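**Q** What follows is query.pdb, made up of PDB, C-alpha atoms and all ligand atoms:
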ATOM      1  CA  MET A1033      16.787  10.030 -11.810
ATOM      2  CA  ASP A1034      18.413   9.977 -15.251
ATOM      3  CA  GLU A1035      17.815   7.064 -17.581
ATOM      4  CA  ALA A1036      20.617   4.500 -17.718
ATOM      5  CA  VAL A1037      22.546   4.317 -20.968
ATOM      6  CA  ILE A1038      22.475   0.705 -22.198
ATOM      7  CA  ALA A1039      25.107   0.001 -24.839
ATOM      8  CA  PRO A1040      27.544  -2.640 -26.026
ATOM      9  CA  GLU A1041      30.996  -2.029 -24.633
ATOM     10  CA  THR A1042      34.444  -3.500 -25.054
ATOM     11  CA  ASP A1043      37.397  -2.937 -22.737
ATOM     12  CA  VAL A1044      35.376  -2.234 -19.586
ATOM     13  CA  PRO A1045      38.018  -1.107 -17.050
ATOM     14  CA  LEU A1046      38.893  -3.838 -14.548
ATOM     15  CA  GLY A1047      38.490  -1.468 -11.579
ATOM     16  CA  GLU A1048      34.877  -0.819 -12.547
ATOM     17  CA  LEU A1049      34.213  -4.530 -13.060
ATOM     18  CA  ARG A1050      35.591  -5.323  -9.609
ATOM     19  CA  GLN A1051      33.394  -2.677  -8.012
ATOM     20  CA  LEU A1052      30.223  -3.851  -9.736
ATOM     21  CA  TYR A1053      30.810  -7.577  -9.201
ATOM     22  CA  GLY A1054      31.775  -6.804  -5.587
ATOM     23  CA  ALA A1055      28.568  -4.817  -5.057
ATOM     24  CA  VAL A1056      26.445  -7.912  -5.778
ATOM     25  CA  GLY A1057      28.737 -10.132  -3.672
ATOM     26  CA  TRP A1058      30.160 -12.252  -6.445
ATOM     27  CA  THR A1059      33.395 -12.986  -4.611
ATOM     28  CA  ALA A1060      34.319 -15.957  -6.812
ATOM     29  CA  TYR A1061      35.028 -13.337  -9.460
ATOM     30  CA  THR A1062      36.434 -10.506  -7.347
ATOM     31  CA  GLU A1063      38.883 -12.823  -5.569
ATOM     32  CA  ASN A1064      40.455 -13.479  -8.951
ATOM     33  CA  PRO A1065      40.277 -10.167 -10.828
ATOM     34  CA  GLU A1066      42.612 -11.312 -13.587
ATOM     35  CA  LEU A1067      40.218 -14.134 -14.436
ATOM     36  CA  LEU A1068      37.254 -11.737 -14.259
ATOM     37  CA  GLY A1069      38.923  -9.367 -16.732
ATOM     38  CA  LYS A1070      39.800 -12.246 -19.030
ATOM     39  CA  GLY A1071      36.255 -13.639 -18.887
ATOM     40  CA  VAL A1072      34.605 -10.334 -19.716
ATOM     41  CA  ALA A1073      37.124  -9.509 -22.448
ATOM     42  CA  GLY A1074      36.695 -12.973 -23.977
ATOM     43  CA  SER A1075      32.892 -12.825 -24.060
ATOM     44  CA  SER A1076      31.136 -12.670 -27.422
ATOM     45  CA  TYR A1077      29.038  -9.685 -26.426
ATOM     46  CA  VAL A1078      29.110  -7.361 -23.425
ATOM     47  CA  VAL A1079      26.454  -4.782 -22.759
ATOM     48  CA  THR A1080      26.670  -2.260 -19.949
ATOM     49  CA  ALA A1081      24.388   0.157 -18.143
ATOM     50  CA  ARG A1082      25.849   3.512 -17.148
ATOM     51  CA  LEU A1083      24.233   6.240 -15.097
ATOM     52  CA  GLY A1084      26.017   9.559 -15.402
ATOM     53  CA  GLY A1085      29.025   7.603 -16.669
ATOM     54  CA  ARG A1086      29.075   5.235 -13.663
ATOM     55  CA  LEU A1087      28.941   1.513 -14.393
ATOM     56  CA  VAL A1088      25.736   0.228 -12.737
ATOM     57  CA  GLY A1089      24.997  -2.912 -14.717
ATOM     58  CA  LEU A1090      26.396  -5.486 -17.097
ATOM     59  CA  ALA A1091      25.326  -8.555 -19.037
ATOM     60  CA  ARG A1092      27.494 -10.755 -21.200
ATOM     61  CA  ALA A1093      26.909 -13.577 -23.631
ATOM     62  CA  MET A1094      28.809 -16.353 -25.326
ATOM     63  CA  SER A1095      27.539 -17.328 -28.752
ATOM     64  CA  ASP A1096      28.464 -18.833 -32.109
ATOM     65  CA  ASP A1097      26.155 -16.184 -33.613
ATOM     66  CA  ALA A1098      24.231 -18.951 -35.377
ATOM     67  CA  THR A1099      22.752 -21.718 -33.237
ATOM     68  CA  VAL A1100      23.175 -20.963 -29.530
ATOM     69  CA  CYS A1101      23.571 -18.056 -27.131
ATOM     70  CA  TYR A1102      24.608 -18.551 -23.508
ATOM     71  CA  LEU A1103      23.751 -15.660 -21.225
ATOM     72  CA  GLN A1104      26.272 -15.263 -18.410
ATOM     73  CA  ASP A1105      26.371 -12.709 -15.591
ATOM     74  CA  VAL A1106      23.484 -10.298 -15.534
ATOM     75  CA  LEU A1107      24.135  -7.932 -12.666
ATOM     76  CA  VAL A1108      22.843  -4.560 -11.564
ATOM     77  CA  HIS A1109      24.196  -2.482  -8.684
ATOM     78  CA  PRO A1110      21.872  -2.843  -5.646
ATOM     79  CA  ASP A1111      21.496   0.974  -5.492
ATOM     80  CA  VAL A1112      19.451   0.859  -8.688
ATOM     81  CA  HIS A1113      17.556  -2.430  -8.563
ATOM     82  CA  ARG A1114      13.952  -2.635  -9.791
ATOM     83  CA  ARG A1115      14.256   0.222 -12.252
ATOM     84  CA  GLY A1116      14.198  -1.912 -15.363
ATOM     85  CA  ILE A1117      17.969  -1.881 -15.911
ATOM     86  CA  GLY A1118      18.412  -5.674 -15.693
ATOM     87  CA  ARG A1119      15.549  -6.197 -18.091
ATOM     88  CA  ALA A1120      17.006  -3.664 -20.539
ATOM     89  CA  LEU A1121      20.406  -5.390 -20.410
ATOM     90  CA  VAL A1122      18.941  -8.817 -21.190
ATOM     91  CA  ARG A1123      16.744  -7.375 -23.922
ATOM     92  CA  ALA A1124      19.828  -5.858 -25.542
ATOM     93  CA  VAL A1125      21.484  -9.299 -25.577
ATOM     94  CA  LEU A1126      18.313 -10.963 -26.891
ATOM     95  CA  ASP A1127      18.064  -8.349 -29.615
ATOM     96  CA  ARG A1128      21.696  -8.835 -30.629
ATOM     97  CA  TYR A1129      21.073 -12.587 -30.967
ATOM     98  CA  ARG A1130      17.507 -12.416 -32.253
ATOM     99  CA  THR A1131      18.261 -14.838 -35.112
ATOM    100  CA  VAL A1132      19.623 -17.468 -32.699
ATOM    101  CA  ARG A1133      16.947 -19.959 -31.623
ATOM    102  CA  GLN A1134      18.451 -21.556 -28.513
ATOM    103  CA  LYS A1135      19.117 -19.224 -25.569
ATOM    104  CA  VAL A1136      20.498 -20.829 -22.403
ATOM    105  CA  LEU A1137      21.444 -19.633 -18.940
ATOM    106  CA  LEU A1138      22.337 -20.981 -15.521
ATOM    107  CA  THR A1139      21.390 -19.091 -12.365
ATOM    108  CA  ASP A1140      20.755 -19.426  -8.635
ATOM    109  CA  ASP A1141      17.607 -21.162  -7.440
ATOM    110  CA  GLU A1142      15.968 -18.064  -5.947
ATOM    111  CA  PRO A1143      12.429 -16.755  -6.488
ATOM    112  CA  ALA A1144      13.701 -13.350  -7.685
ATOM    113  CA  GLN A1145      15.795 -14.954 -10.419
ATOM    114  CA  ARG A1146      12.872 -17.057 -11.580
ATOM    115  CA  ALA A1147      10.581 -14.005 -11.733
ATOM    116  CA  PHE A1148      13.239 -11.975 -13.534
ATOM    117  CA  TYR A1149      14.010 -14.521 -16.267
ATOM    118  CA  GLU A1150      10.408 -15.590 -16.732
ATOM    119  CA  SER A1151       9.506 -11.934 -17.268
ATOM    120  CA  LEU A1152      11.988 -12.047 -20.152
ATOM    121  CA  GLY A1153      10.550 -15.127 -21.821
ATOM    122  CA  TYR A1154      12.905 -17.791 -20.412
ATOM    123  CA  ALA A1155      11.382 -20.983 -18.977
ATOM    124  CA  GLU A1156      12.935 -23.292 -16.397
ATOM    125  CA  ILE A1157      13.896 -26.743 -17.661
ATOM    126  CA  ARG A1158      11.796 -28.360 -14.899
ATOM    127  CA  ASP A1159       8.719 -26.653 -16.404
ATOM    128  CA  PHE A1160       9.158 -28.469 -19.718
ATOM    129  CA  GLY A1161       7.929 -31.615 -17.960
ATOM    130  CA  PRO A1162       9.366 -35.134 -17.666
ATOM    131  CA  GLY A1163      11.096 -36.703 -20.651
ATOM    132  CA  THR A1164      11.854 -33.451 -22.408
ATOM    133  CA  LEU A1165      15.029 -31.648 -21.356
ATOM    134  CA  ARG A1166      17.815 -32.197 -18.836
ATOM    135  CA  ALA A1167      20.622 -29.798 -17.904
ATOM    136  CA  PHE A1168      24.112 -30.752 -16.765
ATOM    137  CA  VAL A1169      26.915 -28.659 -15.371
ATOM    138  CA  ARG A1170      30.416 -29.557 -14.220
ATOM    139  CA  TYR A1171      32.533 -27.341 -11.965
ATOM    140  CA  ASP A1172      36.254 -28.093 -11.761
TER     141      ASP A1172
HETATM  142  C1  LIG A1201      18.509 -10.079 -11.010
HETATM  143  C2  LIG A1201      18.889  -8.607 -11.299
HETATM  144  C3  LIG A1201      19.881  -8.569 -12.440
HETATM  145  C4  LIG A1201      17.614  -7.841 -11.692
HETATM  146  O1  LIG A1201      17.989  -6.527 -12.074
HETATM  147  P1  LIG A1201      16.983  -5.290 -11.930
HETATM  148  O2  LIG A1201      17.507  -4.166 -12.729
HETATM  149  O3  LIG A1201      16.728  -5.036 -10.483
HETATM  150  O4  LIG A1201      15.663  -5.918 -12.577
HETATM  151  P2  LIG A1201      14.487  -5.144 -13.361
HETATM  152  O5  LIG A1201      14.142  -3.885 -12.628
HETATM  153  O6  LIG A1201      14.849  -5.026 -14.781
HETATM  154  O7  LIG A1201      13.319  -6.206 -13.144
HETATM  155  C5  LIG A1201      12.612  -6.800 -14.233
HETATM  156  C6  LIG A1201      11.577  -7.756 -13.667
HETATM  157  O8  LIG A1201      12.222  -8.906 -13.069
HETATM  158  C7  LIG A1201      11.497  -9.299 -11.885
HETATM  159  N1  LIG A1201      12.341  -9.046 -10.703
HETATM  160  C8  LIG A1201      13.542  -8.423 -10.661
HETATM  161  N2  LIG A1201      14.032  -8.418  -9.399
HETATM  162  C9  LIG A1201      13.123  -9.057  -8.650
HETATM  163  C10 LIG A1201      13.057  -9.367  -7.247
HETATM  164  N3  LIG A1201      14.035  -9.029  -6.385
HETATM  165  N4  LIG A1201      11.973 -10.023  -6.804
HETATM  166  C11 LIG A1201      10.967 -10.377  -7.640
HETATM  167  N5  LIG A1201      10.968 -10.094  -8.976
HETATM  168  C12 LIG A1201      12.032  -9.453  -9.462
HETATM  169  C13 LIG A1201      10.239  -8.434 -11.855
HETATM  170  O9  LIG A1201       9.266  -9.109 -12.632
HETATM  171  C14 LIG A1201      10.722  -7.175 -12.568
HETATM  172  O10 LIG A1201       9.678  -6.408 -13.116
HETATM  173  P3  LIG A1201       8.890  -5.323 -12.187
HETATM  174  O11 LIG A1201       9.917  -4.507 -11.451
HETATM  175  O12 LIG A1201       8.141  -4.526 -13.224
HETATM  176  O13 LIG A1201       8.027  -6.116 -11.267
HETATM  177  C15 LIG A1201      19.450  -7.930 -10.013
HETATM  178  O14 LIG A1201      18.592  -8.190  -8.935
HETATM  179  C16 LIG A1201      20.863  -8.357  -9.655
HETATM  180  O15 LIG A1201      21.849  -7.827 -10.180
HETATM  181  N6  LIG A1201      20.988  -9.321  -8.734
HETATM  182  C17 LIG A1201      22.299  -9.779  -8.296
HETATM  183  C18 LIG A1201      22.994 -10.554  -9.379
HETATM  184  C19 LIG A1201      22.163 -11.742  -9.857
HETATM  185  O16 LIG A1201      21.702 -12.539  -9.052
HETATM  186  N7  LIG A1201      21.980 -11.844 -11.208
HETATM  187  C20 LIG A1201      21.181 -12.872 -11.836
HETATM  188  C21 LIG A1201      21.921 -14.116 -12.034
HETATM  189  S1  LIG A1201      23.011 -14.094 -13.436
END
Have the structure of the file written as structure tokens, please.

**A**
Amino acid sequence: MDEAVIAPETDVPLGELRQLYGAVGWTAYTENPELLGKGVAGSSYVVTARLGGRLVGLARAMSDDATVCYLQDVLVHPDVHRRGIGRALVRAVLDRYRTVRQKVLLTDDEPAQRAFYESLGYAEIRDFGPGTLRAFVRYD
């Protein structure tokens, strides 16, 4: 199989976004496509993976380009999992924000996610030990 093209991209067509987010079952996004389009367009940095022109992966980040970088939505089409595409997407984001010290992300509590992010140098807050870090999130 061809190698995926990993590159920053702006203006990813909404139809392609819906297909990709739908393929991984992220219905909270696909049920509100307008919000999905707005979220991707408003991100600080969007990197995509394309195979023969087809959108097969995406990662996006929010950052002040100085002190913090929040990674949001790393997704790869199930047809092409475990071929290094997810890793390449995150590495592209990490490279873009290599001068930023604090990199943060929130993800599902599943073994695959833990293995994936640990393989990229992220550590879970619980592994920092008691009295070090605490994470909070609020959903409205
Ligand atoms: C998580 C996800 C992005 C990984 O993408 P991917 O392209 O399949 O991952 P890669 O091939 O780059 O994997 C890199 C490493 O992560 C780990 N990993 C990835 N998927 C894994 C799985 N299902 N089980 C265990 N380890 C896994 C492995 O260490 C892997 O290296 P290896 O294949 O050499 O063993 C993909 O499974 C996905 O899109 N899932 C649905 C959306 C999601 O949950 N995203 C993450 C939350 S934002």

**Q** Considering all atoms listed in the file, tabulate each residue of chain A that lies at most 9 Å from ligand LIG 1201 (chain A) along with its nearest interatomic pair and the corresponding distance in Å to one decimal; arrange the rows by chain and ascending residue number and present them as a Markdown table.

**A**
| residue | atom | partner | partner_atom | distance |
| --- | --- | --- | --- | --- |
| A:Tyr1053 | CA | A:LIG1201 | C18 | 8.4 |
| A:Ala1055 | CA | A:LIG1201 | C17 | 8.6 |
| A:Val1056 | CA | A:LIG1201 | C17 | 5.2 |
| A:Gly1057 | CA | A:LIG1201 | C17 | 7.9 |
| A:Trp1058 | CA | A:LIG1201 | C18 | 7.9 |
| A:Gly1089 | CA | A:LIG1201 | O15 | 7.4 |
| A:Leu1090 | CA | A:LIG1201 | C3 | 8.6 |
| A:Ala1091 | CA | A:LIG1201 | S1 | 8.2 |
| A:Leu1103 | CA | A:LIG1201 | S1 | 8.0 |
| A:Gln1104 | CA | A:LIG1201 | S1 | 6.1 |
| A:Asp1105 | CA | A:LIG1201 | S1 | 4.2 |
| A:Val1106 | CA | A:LIG1201 | S1 | 4.4 |
| A:Leu1107 | CA | A:LIG1201 | O15 | 3.4 |
| A:Val1108 | CA | A:LIG1201 | O15 | 3.7 |
| A:His1109 | CA | A:LIG1201 | O15 | 6.0 |
| A:Pro1110 | CA | A:LIG1201 | O15 | 6.7 |
| A:Val1112 | CA | A:LIG1201 | O2 | 6.7 |
| A:His1113 | CA | A:LIG1201 | O3 | 3.3 |
| A:Arg1114 | CA | A:LIG1201 | O5 | 3.1 |
| A:Arg1115 | CA | A:LIG1201 | O5 | 4.1 |
| A:Gly1116 | CA | A:LIG1201 | O6 | 3.2 |
| A:Ile1117 | CA | A:LIG1201 | O2 | 3.9 |
| A:Gly1118 | CA | A:LIG1201 | O2 | 3.4 |
| A:Arg1119 | CA | A:LIG1201 | O6 | 3.6 |
| A:Ala1120 | CA | A:LIG1201 | O6 | 6.3 |
| A:Leu1121 | CA | A:LIG1201 | O6 | 7.9 |
| A:Val1122 | CA | A:LIG1201 | O6 | 8.5 |
| A:Leu1137 | CA | A:LIG1201 | S1 | 8.0 |
| A:Leu1138 | CA | A:LIG1201 | S1 | 7.2 |
| A:Thr1139 | CA | A:LIG1201 | C21 | 5.0 |
| A:Asp1140 | CA | A:LIG1201 | C21 | 6.4 |
| A:Glu1142 | CA | A:LIG1201 | O16 | 8.5 |
| A:Pro1143 | CA | A:LIG1201 | C11 | 6.6 |
| A:Ala1144 | CA | A:LIG1201 | N4 | 3.9 |
| A:Gln1145 | CA | A:LIG1201 | C1 | 5.6 |
| A:Arg1146 | CA | A:LIG1201 | N5 | 7.7 |
| A:Ala1147 | CA | A:LIG1201 | C7 | 4.8 |
| A:Phe1148 | CA | A:LIG1201 | O8 | 3.3 |
| A:Tyr1149 | CA | A:LIG1201 | O8 | 6.7 |
| A:Glu1150 | CA | A:LIG1201 | O9 | 7.8 |
| A:Ser1151 | CA | A:LIG1201 | O9 | 5.4 |
| A:Leu1152 | CA | A:LIG1201 | O8 | 7.8 |

**Q** With C-alpha atoms retained, write the just-selected residues as a CSV table (one decimal), keeping the file's coordinate frame.

**A**
chain,number,residue,atom,x,y,z
A,1053,TYR,CA,30.8,-7.6,-9.2
A,1055,ALA,CA,28.6,-4.8,-5.1
A,1056,VAL,CA,26.4,-7.9,-5.8
A,1057,GLY,CA,28.7,-10.1,-3.7
A,1058,TRP,CA,30.2,-12.3,-6.4
A,1089,GLY,CA,25.0,-2.9,-14.7
A,1090,LEU,CA,26.4,-5.5,-17.1
A,1091,ALA,CA,25.3,-8.6,-19.0
A,1103,LEU,CA,23.8,-15.7,-21.2
A,1104,GLN,CA,26.3,-15.3,-18.4
A,1105,ASP,CA,26.4,-12.7,-15.6
A,1106,VAL,CA,23.5,-10.3,-15.5
A,1107,LEU,CA,24.1,-7.9,-12.7
A,1108,VAL,CA,22.8,-4.6,-11.6
A,1109,HIS,CA,24.2,-2.5,-8.7
A,1110,PRO,CA,21.9,-2.8,-5.6
A,1112,VAL,CA,19.5,0.9,-8.7
A,1113,HIS,CA,17.6,-2.4,-8.6
A,1114,ARG,CA,14.0,-2.6,-9.8
A,1115,ARG,CA,14.3,0.2,-12.3
A,1116,GLY,CA,14.2,-1.9,-15.4
A,1117,ILE,CA,18.0,-1.9,-15.9
A,1118,GLY,CA,18.4,-5.7,-15.7
A,1119,ARG,CA,15.5,-6.2,-18.1
A,1120,ALA,CA,17.0,-3.7,-20.5
A,1121,LEU,CA,20.4,-5.4,-20.4
A,1122,VAL,CA,18.9,-8.8,-21.2
A,1137,LEU,CA,21.4,-19.6,-18.9
A,1138,LEU,CA,22.3,-21.0,-15.5
A,1139,THR,CA,21.4,-19.1,-12.4
A,1140,ASP,CA,20.8,-19.4,-8.6
A,1142,GLU,CA,16.0,-18.1,-5.9
A,1143,PRO,CA,12.4,-16.8,-6.5
A,1144,ALA,CA,13.7,-13.4,-7.7
A,1145,GLN,CA,15.8,-15.0,-10.4
A,1146,ARG,CA,12.9,-17.1,-11.6
A,1147,ALA,CA,10.6,-14.0,-11.7
A,1148,PHE,CA,13.2,-12.0,-13.5
A,1149,TYR,CA,14.0,-14.5,-16.3
A,1150,GLU,CA,10.4,-15.6,-16.7
A,1151,SER,CA,9.5,-11.9,-17.3
A,1152,LEU,CA,12.0,-12.0,-20.2

**Q** Residues within 8 Å of Pro1040 of chain A, please, as a list of chain:residue names. Count all atoms listed in the file; anything in the same chain fewer than 2 positions from it doesn't count.

**A**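 Here the answer would be A:Ile1038, A:Thr1042, A:Tyr1077, A:Val1078, A:Val1079, A:Thr1080.
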
**Q** Given 5 Å on each side, where is the centre and what are the edge lengths in Å to one decimal of the axis-aligned box enclosing the listed atoms of segment 1045-1048 of chain A, as JSON?

**A**
{"center_x": 36.9, "center_y": -2.3, "center_z": -14.3, "size_x": 14.0, "size_y": 13.0, "size_z": 15.5}

**Q** Nearest to Ala1124 of chain A: which of A:Ala1081, A:Ser1095, A:Tyr1171, A:Pro1065 is it, counting only C-alpha atoms?

**A** A:Ala1081

**Q** Using Å and a single decimal, report how far atom CA of Tyr1154 of chain A sits from atom CA of Asp1141 of chain A.

**A** 14.2 Å

**Q** Mind listing as number ranges by chain all residues within 12 Å of (35.8, -4.7, -5.5), counting only C-alpha atoms?

**A** A: 1046-1065, 1068

**Q** Using only C-alpha atoms for the distances, tell me which of A:Asp1034, A:Asp1097, A:Glu1066, A:Asp1172 is nearest to Asp1127 of chain A.

**A** A:Asp1097

**Q** With all atoms listed in the file as the basis for distance, which of A:Pro1162, A:Arg1170, A:Val1044, A:Gln1134 is at the shortest distance from Thr1099 of chain A?

**A**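 Looking at the shortest contact to Thr1099 of chain A, the residue is A:Gln1134.
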
**Q** Got a sec to resolve the PyMOL selection byres (((chain A and resi 1083) around 7) and not hetatm) on this structure and send the residues as a list in words?

**A**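 Selected by the PyMOL selection byres (((chain A and resi 1083) around 7) and not hetatm) in this file: Asp1034, Glu1035, Ala1036, Val1037, Ala1081, Arg1082, Gly1084, Gly1085, Arg1086, Leu1087 and Val1088 of chain A.
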